[in-house]
$ cat final-v4.cif   # mmCIF, C-alpha atoms
data_query
loop_
_atom_site.group_PDB
_atom_site.id
_atom_site.type_symbol
_atom_site.label_atom_id
_atom_site.label_comp_id
_atom_site.auth_asym_id
_atom_site.auth_seq_id
_atom_site.Cartn_x
_atom_site.Cartn_y
_atom_site.Cartn_z
ATOM 1 C CA MET A 1 0.000 0.000 0.000
ATOM 2 C CA HIS A 2 1.400 3.355 -1.025
ATOM 3 C CA GLU A 3 1.644 6.423 1.144
ATOM 4 C CA ARG A 4 2.038 10.035 0.124
ATOM 5 C CA TYR A 5 4.782 12.310 1.325
ATOM 6 C CA LEU A 6 6.055 15.788 0.727
ATOM 7 C CA GLY A 7 9.679 15.638 -0.351
ATOM 8 C CA ALA A 8 11.763 18.308 1.341
ATOM 9 C CA ASP A 9 15.398 19.160 1.891
ATOM 10 C CA ALA A 10 16.421 20.464 5.290
ATOM 11 C CA GLY A 11 20.086 21.387 5.306
ATOM 12 C CA PRO A 12 21.916 18.245 4.195
ATOM 13 C CA PHE A 13 18.965 15.968 4.898
ATOM 14 C CA ARG A 14 16.737 14.507 2.169
ATOM 15 C CA LEU A 15 13.424 13.995 3.859
ATOM 16 C CA ALA A 16 9.910 12.796 3.185
ATOM 17 C CA LEU A 17 7.245 14.311 5.410
ATOM 18 C CA PRO A 18 3.904 12.470 5.644
ATOM 19 C CA LEU A 19 1.536 14.513 3.530
ATOM 20 C CA SER A 20 -1.275 13.998 6.032
ATOM 21 C CA SER A 21 0.758 15.846 8.663
ATOM 22 C CA VAL A 22 1.249 18.947 6.506
ATOM 23 C CA ARG A 23 -1.812 21.117 6.954
ATOM 24 C CA GLN A 24 -0.754 23.789 4.489
ATOM 25 C CA ILE A 25 2.136 24.934 2.337
ATOM 26 C CA LEU A 26 2.346 28.595 3.252
ATOM 27 C CA ASP A 27 5.211 29.432 0.924
ATOM 28 C CA VAL A 28 6.990 27.287 -1.648
ATOM 29 C CA GLY A 29 10.252 29.161 -1.091
ATOM 30 C CA ALA A 30 12.814 30.229 -3.680
ATOM 31 C CA GLY A 31 12.072 33.485 -5.483
ATOM 32 C CA ASP A 32 13.429 36.883 -4.553
ATOM 33 C CA ALA A 33 10.801 38.240 -2.204
ATOM 34 C CA SER A 34 12.072 38.597 1.330
ATOM 35 C CA LEU A 35 10.416 36.654 4.108
ATOM 36 C CA ASP A 36 8.745 38.593 6.897
ATOM 37 C CA PRO A 37 8.094 36.220 9.819
ATOM 38 C CA ARG A 38 5.668 38.743 11.331
ATOM 39 C CA ALA A 39 3.269 38.068 8.488
ATOM 40 C CA LEU A 40 2.930 34.489 9.638
ATOM 41 C CA GLY A 41 1.837 35.310 13.143
ATOM 42 C CA VAL A 42 3.830 32.361 14.453
ATOM 43 C CA GLU A 43 7.588 32.304 14.553
ATOM 44 C CA PRO A 44 8.771 29.654 12.103
ATOM 45 C CA ILE A 45 11.296 27.057 13.154
ATOM 46 C CA SER A 46 14.007 25.945 10.766
ATOM 47 C CA LEU A 47 13.681 22.203 10.199
ATOM 48 C CA ALA A 48 17.400 22.000 9.422
ATOM 49 C CA THR A 49 18.294 23.734 12.674
ATOM 50 C CA LEU A 50 15.827 21.567 14.550
ATOM 51 C CA LEU A 51 17.627 18.507 13.195
ATOM 52 C CA GLY A 52 21.018 19.863 14.196
ATOM 53 C CA ALA A 53 22.276 21.162 10.857
ATOM 54 C CA GLU A 54 22.768 24.465 9.101
ATOM 55 C CA PRO A 55 20.056 25.616 6.691
ATOM 56 C CA THR A 56 21.219 25.869 3.105
ATOM 57 C CA SER A 57 18.629 28.318 1.811
ATOM 58 C CA THR A 58 18.059 31.990 2.521
ATOM 59 C CA ARG A 59 14.581 31.764 1.049
ATOM 60 C CA PRO A 60 13.059 28.626 2.544
ATOM 61 C CA ALA A 61 9.687 27.073 1.992
ATOM 62 C CA ILE A 62 7.230 27.423 4.863
ATOM 63 C CA LEU A 63 5.004 24.608 6.035
ATOM 64 C CA LEU A 64 2.189 24.575 8.570
ATOM 65 C CA PHE A 65 1.812 21.442 10.680
ATOM 66 C CA ASP A 66 -0.704 20.357 13.272
ATOM 67 C CA GLY A 67 1.469 20.312 16.352
ATOM 68 C CA THR A 68 0.627 18.314 19.441
ATOM 69 C CA ALA A 69 -0.619 21.387 21.289
ATOM 70 C CA GLU A 70 -0.806 24.161 18.709
ATOM 71 C CA PRO A 71 -0.016 24.746 15.019
ATOM 72 C CA VAL A 72 3.657 24.621 14.158
ATOM 73 C CA VAL A 73 5.322 26.526 11.337
ATOM 74 C CA LEU A 74 8.483 24.934 10.000
ATOM 75 C CA THR A 75 10.787 26.127 7.260
ATOM 76 C CA CYS A 76 12.657 23.795 4.978
ATOM 77 C CA CYS A 77 15.338 24.625 2.473
ATOM 78 C CA ARG A 78 13.642 23.217 -0.597
ATOM 79 C CA LEU A 79 10.465 21.412 -1.524
ATOM 80 C CA ARG A 80 10.810 18.425 -3.815
ATOM 81 C CA GLY A 81 7.204 17.669 -4.607
ATOM 82 C CA VAL A 82 4.782 14.948 -3.666
ATOM 83 C CA ILE A 83 6.168 11.430 -3.377
ATOM 84 C CA ASP A 84 3.988 8.372 -3.784
ATOM 85 C CA ALA A 85 5.820 5.397 -2.294
ATOM 86 C CA PRO A 86 5.309 2.089 -0.507
ATOM 87 C CA ALA A 87 5.752 1.957 3.250
ATOM 88 C CA PRO A 88 9.289 2.927 4.255
ATOM 89 C CA ARG A 89 11.930 0.261 4.569
ATOM 90 C CA PRO A 90 13.094 0.390 8.220
ATOM 91 C CA LEU A 91 16.670 1.394 8.863
ATOM 92 C CA PRO A 92 18.996 -1.253 10.279
ATOM 93 C CA ARG A 93 19.643 -1.109 13.998
ATOM 94 C CA THR A 94 23.247 -0.224 13.267
ATOM 95 C CA VAL A 95 22.297 3.319 12.254
ATOM 96 C CA ALA A 96 23.753 5.085 15.252
ATOM 97 C CA CYS A 97 21.601 8.115 15.973
ATOM 98 C CA ARG A 98 20.159 9.797 19.027
ATOM 99 C CA TRP A 99 16.502 9.753 17.923
ATOM 100 C CA PRO A 100 16.008 6.523 15.960
ATOM 101 C CA GLY A 101 12.219 6.830 16.265
ATOM 102 C CA LEU A 102 12.320 10.010 14.204
ATOM 103 C CA LEU A 103 13.136 8.024 11.085
ATOM 104 C CA ARG A 104 10.574 5.555 9.801
ATOM 105 C CA GLY A 105 12.994 4.321 7.159
ATOM 106 C CA THR A 106 13.974 4.896 3.560
ATOM 107 C CA LEU A 107 11.683 5.100 0.577
ATOM 108 C CA ASP A 108 11.835 2.685 -2.330
ATOM 109 C CA GLY A 109 9.908 2.434 -5.552
ATOM 110 C CA ILE A 110 9.146 6.115 -5.839
ATOM 111 C CA ASP A 111 6.845 7.232 -8.629
ATOM 112 C CA GLY A 112 8.252 10.229 -10.448
ATOM 113 C CA VAL A 113 6.542 13.406 -9.348
ATOM 114 C CA GLY A 114 8.024 16.857 -9.042
ATOM 115 C CA GLY A 115 11.396 15.908 -10.450
ATOM 116 C CA LEU A 116 11.690 12.694 -8.464
ATOM 117 C CA SER A 117 12.413 9.627 -10.516
ATOM 118 C CA GLY A 118 13.900 7.272 -7.973
ATOM 119 C CA PRO A 119 15.748 7.013 -4.691
ATOM 120 C CA GLY A 120 18.926 8.392 -6.211
ATOM 121 C CA ALA A 121 17.255 11.386 -7.789
ATOM 122 C CA LEU A 122 17.894 13.556 -4.757
ATOM 123 C CA GLY A 123 21.509 12.549 -4.533
ATOM 124 C CA GLY A 124 20.893 9.833 -1.989
ATOM 125 C CA LEU A 125 18.250 7.859 -0.185
ATOM 126 C CA ILE A 126 15.176 9.670 1.089
ATOM 127 C CA LEU A 127 14.442 9.380 4.797
ATOM 128 C CA ALA A 128 10.801 9.156 5.827
ATOM 129 C CA ILE A 129 10.090 11.140 8.969
ATOM 130 C CA ASP A 130 7.685 10.212 11.768
ATOM 131 C CA ALA A 131 5.673 13.416 12.111
ATOM 132 C CA ARG A 132 4.642 12.767 15.717
ATOM 133 C CA VAL A 133 8.252 12.395 16.832
ATOM 134 C CA LEU A 134 9.128 15.503 14.826
ATOM 135 C CA MET A 135 6.441 17.482 16.628
ATOM 136 C CA GLY A 136 7.857 16.196 19.911
ATOM 137 C CA LEU A 137 11.214 17.623 18.903
ATOM 138 C CA VAL A 138 9.533 20.936 18.141
ATOM 139 C CA GLU A 139 8.064 21.007 21.632
ATOM 140 C CA GLY A 140 11.455 20.210 23.092
ATOM 141 C CA ALA A 141 13.053 22.978 21.039
ATOM 142 C CA ALA A 142 10.425 25.435 22.269
ATOM 143 C CA ASP A 143 11.771 24.921 25.774
ATOM 144 C CA ARG A 144 15.249 25.967 24.677
ATOM 145 C CA PRO A 145 16.405 29.526 23.976
ATOM 146 C CA LYS A 146 15.324 30.747 20.536
ATOM 147 C CA ARG A 147 17.818 30.554 17.693
ATOM 148 C CA ALA A 148 17.818 31.900 14.143
ATOM 149 C CA VAL A 149 14.473 31.130 12.573
ATOM 150 C CA VAL A 150 15.301 30.870 8.862
ATOM 151 C CA MET B 1 44.294 -19.322 10.173
ATOM 152 C CA GLN B 2 41.962 -17.217 8.066
ATOM 153 C CA GLY B 3 43.406 -14.528 5.844
ATOM 154 C CA VAL B 4 42.910 -10.851 6.505
ATOM 155 C CA LEU B 5 41.907 -7.888 4.420
ATOM 156 C CA VAL B 6 44.225 -4.960 5.076
ATOM 157 C CA PHE B 7 43.269 -1.340 4.529
ATOM 158 C CA MET B 8 43.972 2.211 5.571
ATOM 159 C CA ALA B 9 41.342 4.033 7.636
ATOM 160 C CA ALA B 10 41.776 7.168 9.733
ATOM 161 C CA GLY B 11 45.477 7.065 8.950
ATOM 162 C CA CYS B 12 45.947 3.560 10.349
ATOM 163 C CA ARG B 13 46.790 0.267 8.731
ATOM 164 C CA LEU B 14 43.913 -1.950 9.866
ATOM 165 C CA ALA B 15 42.803 -5.483 9.121
ATOM 166 C CA VAL B 16 39.707 -7.617 9.364
ATOM 167 C CA SER B 17 39.313 -11.304 8.722
ATOM 168 C CA VAL B 18 38.404 -11.912 5.074
ATOM 169 C CA GLY B 19 35.552 -14.125 6.242
ATOM 170 C CA ASP B 20 34.078 -11.224 8.215
ATOM 171 C CA VAL B 21 33.594 -9.029 5.149
ATOM 172 C CA LEU B 22 30.237 -9.520 3.452
ATOM 173 C CA ARG B 23 31.213 -7.485 0.405
ATOM 174 C CA LEU B 24 33.117 -4.463 -0.801
ATOM 175 C CA ILE B 25 31.055 -1.758 -2.468
ATOM 176 C CA VAL B 26 31.753 1.589 -4.056
ATOM 177 C CA GLU B 27 30.341 4.515 -2.141
ATOM 178 C CA THR B 28 27.351 6.096 -3.852
ATOM 179 C CA PRO B 29 25.709 9.303 -2.576
ATOM 180 C CA VAL B 30 25.285 8.960 1.154
ATOM 181 C CA SER B 31 22.215 10.356 2.870
ATOM 182 C CA PRO B 32 23.119 11.969 6.180
ATOM 183 C CA VAL B 33 21.037 10.985 9.192
ATOM 184 C CA PRO B 34 19.718 13.565 11.674
ATOM 185 C CA PHE B 35 21.321 13.289 15.100
ATOM 186 C CA GLY B 36 23.721 10.660 13.823
ATOM 187 C CA HIS B 37 26.913 9.699 15.618
ATOM 188 C CA ARG B 38 29.901 11.783 14.561
ATOM 189 C CA ALA B 39 31.413 8.774 12.829
ATOM 190 C CA LEU B 40 28.210 8.056 10.901
ATOM 191 C CA ALA B 41 28.450 9.589 7.441
ATOM 192 C CA GLY B 42 24.953 8.445 6.523
ATOM 193 C CA VAL B 43 23.161 5.596 4.819
ATOM 194 C CA MET B 44 23.413 4.184 1.327
ATOM 195 C CA PRO B 45 22.129 1.109 -0.537
ATOM 196 C CA ALA B 46 23.727 -2.058 0.774
ATOM 197 C CA GLY B 47 24.877 -3.113 -2.669
ATOM 198 C CA ASP B 48 22.901 -6.335 -2.949
ATOM 199 C CA ASP B 49 19.561 -7.277 -4.465
ATOM 200 C CA SER B 50 17.658 -7.002 -1.183
ATOM 201 C CA GLY B 51 17.194 -3.250 -1.401
ATOM 202 C CA ASP B 52 18.423 -2.909 2.175
ATOM 203 C CA VAL B 53 20.475 0.056 3.280
ATOM 204 C CA VAL B 54 23.664 0.115 5.286
ATOM 205 C CA PRO B 55 25.082 2.818 7.539
ATOM 206 C CA VAL B 56 28.451 4.136 6.368
ATOM 207 C CA PHE B 57 30.916 4.917 9.141
ATOM 208 C CA ASP B 58 34.180 6.814 8.861
ATOM 209 C CA LEU B 59 36.665 6.026 11.622
ATOM 210 C CA ARG B 60 37.931 9.614 11.544
ATOM 211 C CA GLY B 61 34.761 10.415 13.435
ATOM 212 C CA LEU B 62 36.122 8.550 16.441
ATOM 213 C CA VAL B 63 39.181 10.759 16.648
ATOM 214 C CA ALA B 64 38.684 13.486 19.219
ATOM 215 C CA ASP B 65 39.711 16.985 18.172
ATOM 216 C CA ALA B 66 39.894 15.982 14.512
ATOM 217 C CA PRO B 67 37.618 17.704 11.993
ATOM 218 C CA PRO B 68 34.418 15.791 11.258
ATOM 219 C CA PRO B 69 34.749 13.299 8.434
ATOM 220 C CA PRO B 70 33.311 14.212 5.043
ATOM 221 C CA ARG B 71 29.706 13.238 4.473
ATOM 222 C CA HIS B 72 30.410 11.688 1.132
ATOM 223 C CA VAL B 73 33.583 10.460 -0.540
ATOM 224 C CA PRO B 74 32.594 9.598 -4.102
ATOM 225 C CA GLY B 75 34.094 6.335 -5.230
ATOM 226 C CA ALA B 76 35.456 5.360 -1.815
ATOM 227 C CA THR B 77 35.522 1.674 -1.003
ATOM 228 C CA VAL B 78 33.094 0.623 1.717
ATOM 229 C CA ALA B 79 33.520 -2.719 3.438
ATOM 230 C CA VAL B 80 30.209 -4.174 4.573
ATOM 231 C CA ILE B 81 30.853 -6.061 7.801
ATOM 232 C CA PRO B 82 28.293 -7.986 9.867
ATOM 233 C CA THR B 83 27.887 -7.308 13.561
ATOM 234 C CA ALA B 84 25.675 -8.885 16.198
ATOM 235 C CA ILE B 85 22.960 -6.277 15.529
ATOM 236 C CA GLY B 86 23.277 -5.918 11.776
ATOM 237 C CA PRO B 87 25.704 -4.893 9.065
ATOM 238 C CA ILE B 88 27.847 -1.784 9.113
ATOM 239 C CA GLY B 89 29.637 -0.129 6.238
ATOM 240 C CA LEU B 90 33.190 0.928 6.960
ATOM 241 C CA ARG B 91 34.627 3.587 4.680
ATOM 242 C CA LEU B 92 38.188 2.759 3.686
ATOM 243 C CA ASP B 93 40.766 5.410 2.854
ATOM 244 C CA ARG B 94 42.523 2.809 0.747
ATOM 245 C CA LEU B 95 42.290 -0.910 0.234
ATOM 246 C CA LEU B 96 45.804 -2.323 0.521
ATOM 247 C CA GLY B 97 45.313 -6.026 -0.120
ATOM 248 C CA THR B 98 45.216 -9.344 1.668
ATOM 249 C CA ALA B 99 47.488 -11.524 3.712
ATOM 250 C CA ALA B 100 46.971 -15.262 3.878
ATOM 251 C CA ARG B 101 49.315 -15.673 6.802
ATOM 252 C CA TYR B 102 50.608 -13.397 9.489
ATOM 253 C CA ASP B 103 52.300 -13.445 12.857
ATOM 254 C CA ALA B 104 51.353 -11.629 16.024
ATOM 255 C CA ALA B 105 53.048 -8.275 16.409
ATOM 256 C CA PHE B 106 53.561 -6.153 19.466
ATOM 257 C CA ASP B 107 53.830 -2.649 18.055
ATOM 258 C CA ASP B 108 52.321 0.224 19.983
ATOM 259 C CA ILE B 109 48.643 0.613 19.237
ATOM 260 C CA PRO B 110 47.746 3.966 17.651
ATOM 261 C CA LEU B 111 46.088 5.815 20.476
ATOM 262 C CA HIS B 112 43.502 7.635 18.389
ATOM 263 C CA LEU B 113 41.878 4.329 17.414
ATOM 264 C CA ALA B 114 42.738 2.364 20.544
ATOM 265 C CA THR B 115 39.063 1.802 21.351
ATOM 266 C CA VAL B 116 38.452 -0.237 18.202
ATOM 267 C CA ILE B 117 41.750 -2.117 17.889
ATOM 268 C CA ASP B 118 42.266 -5.629 19.152
ATOM 269 C CA GLY B 119 45.894 -6.577 18.683
ATOM 270 C CA ALA B 120 48.408 -6.386 15.863
ATOM 271 C CA GLY B 121 49.817 -8.614 13.174
ATOM 272 C CA ARG B 122 52.588 -8.640 10.649
ATOM 273 C CA ALA B 123 52.148 -10.225 7.258
ATOM 274 C CA GLY B 124 54.736 -12.558 5.874
ATOM 275 C CA GLY B 125 55.077 -14.148 2.463
ATOM 276 C CA GLY B 126 52.070 -14.609 0.249
ATOM 277 C CA ALA B 127 50.689 -11.178 1.036
ATOM 278 C CA SER B 128 49.892 -8.348 -1.342
ATOM 279 C CA VAL B 129 52.790 -6.018 -2.127
ATOM 280 C CA ASP B 130 51.418 -3.192 0.024
ATOM 281 C CA VAL B 131 50.730 -5.556 2.904
ATOM 282 C CA ALA B 132 53.821 -7.772 3.149
ATOM 283 C CA ASP B 133 56.293 -6.956 5.891
ATOM 284 C CA HIS B 134 54.088 -4.254 7.384
ATOM 285 C CA THR B 135 52.412 -4.230 10.766
ATOM 286 C CA PHE B 136 48.657 -3.872 10.840
ATOM 287 C CA PHE B 137 46.113 -3.624 13.619
ATOM 288 C CA PHE B 138 43.021 -5.770 13.953
ATOM 289 C CA PHE B 139 39.763 -3.842 13.747
ATOM 290 C CA SER B 140 37.278 -5.133 16.305
ATOM 291 C CA THR B 141 33.659 -4.843 15.188
ATOM 292 C CA ASP B 142 32.406 -5.573 18.705
ATOM 293 C CA ALA B 143 34.505 -2.754 20.104
ATOM 294 C CA PHE B 144 33.377 -0.461 17.306
ATOM 295 C CA VAL B 145 29.710 -1.166 17.975
ATOM 296 C CA ALA B 146 30.298 -0.232 21.603
ATOM 297 C CA ALA B 147 32.303 2.855 20.668
ATOM 298 C CA VAL B 148 29.443 4.331 18.641
ATOM 299 C CA GLY B 149 26.893 3.536 21.320
ATOM 300 C CA LEU B 150 25.132 0.632 19.642
ATOM 301 C CA ALA B 151 25.995 -2.074 22.146
#

$ encode --input "final-v4.cif" --output "structure tokens"
Amino acid sequence: MHERYLGADAGPFRLALPLSSVRQILDVGAGDASLDPRALGVEPISLATLLGAEPTSTRPAILLFDGTAEPVVLTCCRLRGVIDAPAPRPLPRTVACRWPGLLRGTLDGIDGVGGLSGPGALGGLILAIDARVLMGLVEGAADRPKRAVV
Amino acid sequence: MQGVLVFMAAGCRLAVSVGDVLRLIVETPVSPVPFGHRALAGVMPAGDDSGDVVPVFDLRGLVADAPPPPRHVPGATVAVIPTAIGPIGLRLDRLLGTAARYDAAFDDIPLHLATVIDGAGRAGGGASVDVADHTFFFFSTDAFVAAVGLA
């Protein structure tokens, strides 16, 4: 059974966000217009920064998620389009990372949409994210001092 | 005695038993993993027909005070090695060759990789040109798994 994801880059990470968790794409990013966070009403959080990396875009895309307690606005460096793929293939237990539950696995058998033609099309495997764990990270980040938002 | 595969990694001449290497693959684009261990470059296809992925580790990530290892080294050789909890991919700086026979050696262990080394050997005749008459250190997968917090 296939699932639908939104392909997104966040810093060096090639990610697939469950489409059902993305309430709205507020801004597709790119372009020349400057971003004014005040227009959003909610301070956006950089997904790259949240995941411990440096953002690679000065004009990120902006996504609205249903957070666990309140809506969450995340920025990501680039949108890759909608991905239609079978359930993720779980990562082996030897992937040494601090939040293994964040990653549902890698995507195989991707149908070409939005420039995607296969797992290698993004320059590497695509990691499917567990949105609930991601929102938990957002809540944890909210307890820390604010950092750069885009 | 089983032969060993000898290679350079993190500036050291290391060896693993030939029988402990599932396969050697060429590094393709590696996908970095959020919150990964410093030695974890990322994941890439395991190089077989299963479609599985394998984590690629670079031993330079175990060296304190050294710059972080590169995320991707195009064309690098990756040795896929089984462990008790699954396979790991070990990025090699250079594959040196094999030695069918070797003797125990007692050279000083390189301190920067001391946590993953389990003894030393010295290849005799019948070894590859770059391996013969050189000391190498045995890479311990069990110790490595513990060193990156997987044990």

$ atom_distance --input "final-v4.cif" --atom1 "atom CA of Val95 of chain A" --atom2 "atom CA of Ser20 of chain A"
26.6 Å

$ closest_atom_pairs --input "final-v4.cif" --of "chain A" --to "chain B" --cutoff "10 Å" --atoms "all atoms listed in the file" --output "JSON lines"
{"residue": "A:Ala10", "atom": "CA", "partner": "B:Pro34", "partner_atom": "CA", "distance": 10.0}
{"residue": "A:Gly11", "atom": "CA", "partner": "B:Pro32", "partner_atom": "CA", "distance": 9.9}
{"residue": "A:Pro12", "atom": "CA", "partner": "B:Pro32", "partner_atom": "CA", "distance": 6.7}
{"residue": "A:Phe13", "atom": "CA", "partner": "B:Pro32", "partner_atom": "CA", "distance": 5.9}
{"residue": "A:Arg14", "atom": "CA", "partner": "B:Ser31", "partner_atom": "CA", "distance": 6.9}
{"residue": "A:Leu15", "atom": "CA", "partner": "B:Ser31", "partner_atom": "CA", "distance": 9.6}
{"residue": "A:Ala48", "atom": "CA", "partner": "B:Pro34", "partner_atom": "CA", "distance": 9.0}
{"residue": "A:Leu50", "atom": "CA", "partner": "B:Pro34", "partner_atom": "CA", "distance": 9.4}
{"residue": "A:Leu51", "atom": "CA", "partner": "B:Pro34", "partner_atom": "CA", "distance": 5.6}
{"residue": "A:Gly52", "atom": "CA", "partner": "B:Phe35", "partner_atom": "CA", "distance": 6.6}
{"residue": "A:Ala53", "atom": "CA", "partner": "B:Pro34", "partner_atom": "CA", "distance": 8.1}
{"residue": "A:Arg89", "atom": "CA", "partner": "B:Asp52", "partner_atom": "CA", "distance": 7.6}
{"residue": "A:Pro90", "atom": "CA", "partner": "B:Asp52", "partner_atom": "CA", "distance": 8.7}
{"residue": "A:Leu91", "atom": "CA", "partner": "B:Val53", "partner_atom": "CA", "distance": 6.9}
{"residue": "A:Pro92", "atom": "CA", "partner": "B:Gly86", "partner_atom": "CA", "distance": 6.5}
{"residue": "A:Arg93", "atom": "CA", "partner": "B:Ile85", "partner_atom": "CA", "distance": 6.3}
{"residue": "A:Thr94", "atom": "CA", "partner": "B:Gly86", "partner_atom": "CA", "distance": 5.9}
{"residue": "A:Val95", "atom": "CA", "partner": "B:Pro55", "partner_atom": "CA", "distance": 5.5}
{"residue": "A:Ala96", "atom": "CA", "partner": "B:His37", "partner_atom": "CA", "distance": 5.6}
{"residue": "A:Cys97", "atom": "CA", "partner": "B:Gly36", "partner_atom": "CA", "distance": 3.9}
{"residue": "A:Arg98", "atom": "CA", "partner": "B:Phe35", "partner_atom": "CA", "distance": 5.4}
{"residue": "A:Trp99", "atom": "CA", "partner": "B:Phe35", "partner_atom": "CA", "distance": 6.6}
{"residue": "A:Pro100", "atom": "CA", "partner": "B:Phe35", "partner_atom": "CA", "distance": 8.6}
{"residue": "A:Leu102", "atom": "CA", "partner": "B:Pro34", "partner_atom": "CA", "distance": 8.6}
{"residue": "A:Leu103", "atom": "CA", "partner": "B:Pro34", "partner_atom": "CA", "distance": 8.6}
{"residue": "A:Gly105", "atom": "CA", "partner": "B:Val53", "partner_atom": "CA", "distance": 9.4}
{"residue": "A:Thr106", "atom": "CA", "partner": "B:Val53", "partner_atom": "CA", "distance": 8.1}
{"residue": "A:Asp108", "atom": "CA", "partner": "B:Gly51", "partner_atom": "CA", "distance": 8.1}
{"residue": "A:Pro119", "atom": "CA", "partner": "B:Pro45", "partner_atom": "CA", "distance": 9.6}
{"residue": "A:Gly120", "atom": "CA", "partner": "B:Pro29", "partner_atom": "CA", "distance": 7.7}
{"residue": "A:Leu122", "atom": "CA", "partner": "B:Pro29", "partner_atom": "CA", "distance": 9.2}
{"residue": "A:Gly123", "atom": "CA", "partner": "B:Pro29", "partner_atom": "CA", "distance": 5.7}
{"residue": "A:Gly124", "atom": "CA", "partner": "B:Pro29", "partner_atom": "CA", "distance": 4.9}
{"residue": "A:Leu125", "atom": "CA", "partner": "B:Ser31", "partner_atom": "CA", "distance": 5.6}
{"residue": "A:Ile126", "atom": "CA", "partner": "B:Ser31", "partner_atom": "CA", "distance": 7.3}
{"residue": "A:Leu127", "atom": "CA", "partner": "B:Ser31", "partner_atom": "CA", "distance": 8.1}

$ residues_near_point --input "final-v4.cif" --point "(47.5, -8.1, 15.2)" --cutoff "9 Å" --atoms "all atoms listed in the file" --output "JSON, numbers by chain"
{"B": [14, 15, 102, 103, 104, 105, 106, 107, 117, 118, 119, 120, 121, 122, 135, 136, 137, 138, 139]}

$ residues_around --input "final-v4.cif" --residues "Leu17 of chain A" --least-positions-apart "5" --cutoff "12 Å" --atoms "all atoms listed in the file" --output "number ranges by chain"
A: 3-10, 22-23, 47, 63-65, 74, 76, 79-85, 88, 102-107, 126-135

$ closest_residue --input "final-v4.cif" --among "B:Val131, B:Leu24, B:Leu111, B:Gly3" --to "Leu62 of chain B" --atoms "only C-alpha atoms"
B:Leu111

$ atom_distance --input "final-v4.cif" --atom1 "atom CA of Gly126 of chain B" --atom2 "atom CA of Ala100 of chain B"
6.3 Å

$ atom_distance --input "final-v4.cif" --atom1 "atom CA of Arg91 of chain B" --atom2 "atom CA of Thr115 of chain B"
17.3 Å

$ axis_aligned_box --input "final-v4.cif" --around "segment 18-27 of chain A" --padding-each-side "5 Å" --output "JSON"
{"center_x": 1.7, "center_y": 21.0, "center_z": 4.8, "size_x": 17.0, "size_y": 27.0, "size_z": 17.7}

$ resolve_selection --input "final-v4.cif" --expression "the PyMOL selection byres ((chain A and resi 57-62) around 8)" --output "ChimeraX atom specification"
/A:11,25-32,34-35,44,55-56,63-64,73-79,150

$ write_last_selection --input "final-v4.cif" --atoms "C-alpha atoms" --output "compact mmCIF listing (two decimals), keeping the file's coordinate frame"
# COMPACT_ATOMS: atom_id res chain seq x y z
CA GLY A 11 20.09 21.39 5.31
CA ILE A 25 2.14 24.93 2.34
CA LEU A 26 2.35 28.60 3.25
CA ASP A 27 5.21 29.43 0.92
CA VAL A 28 6.99 27.29 -1.65
CA GLY A 29 10.25 29.16 -1.09
CA ALA A 30 12.81 30.23 -3.68
CA GLY A 31 12.07 33.48 -5.48
CA ASP A 32 13.43 36.88 -4.55
CA SER A 34 12.07 38.60 1.33
CA LEU A 35 10.42 36.65 4.11
CA PRO A 44 8.77 29.65 12.10
CA PRO A 55 20.06 25.62 6.69
CA THR A 56 21.22 25.87 3.10
CA LEU A 63 5.00 24.61 6.04
CA LEU A 64 2.19 24.58 8.57
CA VAL A 73 5.32 26.53 11.34
CA LEU A 74 8.48 24.93 10.00
CA THR A 75 10.79 26.13 7.26
CA CYS A 76 12.66 23.80 4.98
CA CYS A 77 15.34 24.62 2.47
CA ARG A 78 13.64 23.22 -0.60
CA LEU A 79 10.46 21.41 -1.52
CA VAL A 150 15.30 30.87 8.86

$ residues_around --input "final-v4.cif" --residues "Asp130 of chain B" --least-positions-apart "2" --cutoff "8 Å" --atoms "only C-alpha atoms" --output "PDB file with C-alpha atoms, in the frame of the given file"
ATOM      1  CA  LEU B  96      45.804  -2.323   0.521  1.00  0.00           C
ATOM      2  CA  GLY B  97      45.313  -6.026  -0.120  1.00  0.00           C
ATOM      3  CA  SER B 128      49.892  -8.348  -1.342  1.00  0.00           C
ATOM      4  CA  ALA B 132      53.821  -7.772   3.149  1.00  0.00           C
ATOM      5  CA  HIS B 134      54.088  -4.254   7.384  1.00  0.00           C
TER       6      HIS B 134
END

$ resolve_selection --input "final-v4.cif" --expression "the PyMOL selection byres ((chain B and resi 59) around 10)" --output "mmCIF file with C-alpha atoms, keeping the file's coordinate frame"
data_model
loop_
_atom_site.group_PDB
_atom_site.id
_atom_site.type_symbol
_atom_site.label_atom_id
_atom_site.label_comp_id
_atom_site.auth_asym_id
_atom_site.auth_seq_id
_atom_site.Cartn_x
_atom_site.Cartn_y
_atom_site.Cartn_z
ATOM 1 C CA ALA B 9 41.342 4.033 7.636
ATOM 2 C CA ALA B 10 41.776 7.168 9.733
ATOM 3 C CA GLY B 11 45.477 7.065 8.950
ATOM 4 C CA CYS B 12 45.947 3.560 10.349
ATOM 5 C CA ARG B 38 29.901 11.783 14.561
ATOM 6 C CA ALA B 39 31.413 8.774 12.829
ATOM 7 C CA LEU B 40 28.210 8.056 10.901
ATOM 8 C CA ALA B 41 28.450 9.589 7.441
ATOM 9 C CA VAL B 56 28.451 4.136 6.368
ATOM 10 C CA PHE B 57 30.916 4.917 9.141
ATOM 11 C CA ASP B 58 34.180 6.814 8.861
ATOM 12 C CA ARG B 60 37.931 9.614 11.544
ATOM 13 C CA GLY B 61 34.761 10.415 13.435
ATOM 14 C CA LEU B 62 36.122 8.550 16.441
ATOM 15 C CA VAL B 63 39.181 10.759 16.648
ATOM 16 C CA PRO B 69 34.749 13.299 8.434
ATOM 17 C CA LEU B 90 33.190 0.928 6.960
ATOM 18 C CA ARG B 91 34.627 3.587 4.680
ATOM 19 C CA LEU B 92 38.188 2.759 3.686
ATOM 20 C CA ASP B 93 40.766 5.410 2.854
ATOM 21 C CA HIS B 112 43.502 7.635 18.389
ATOM 22 C CA LEU B 113 41.878 4.329 17.414
ATOM 23 C CA VAL B 116 38.452 -0.237 18.202
ATOM 24 C CA PHE B 144 33.377 -0.461 17.306
#
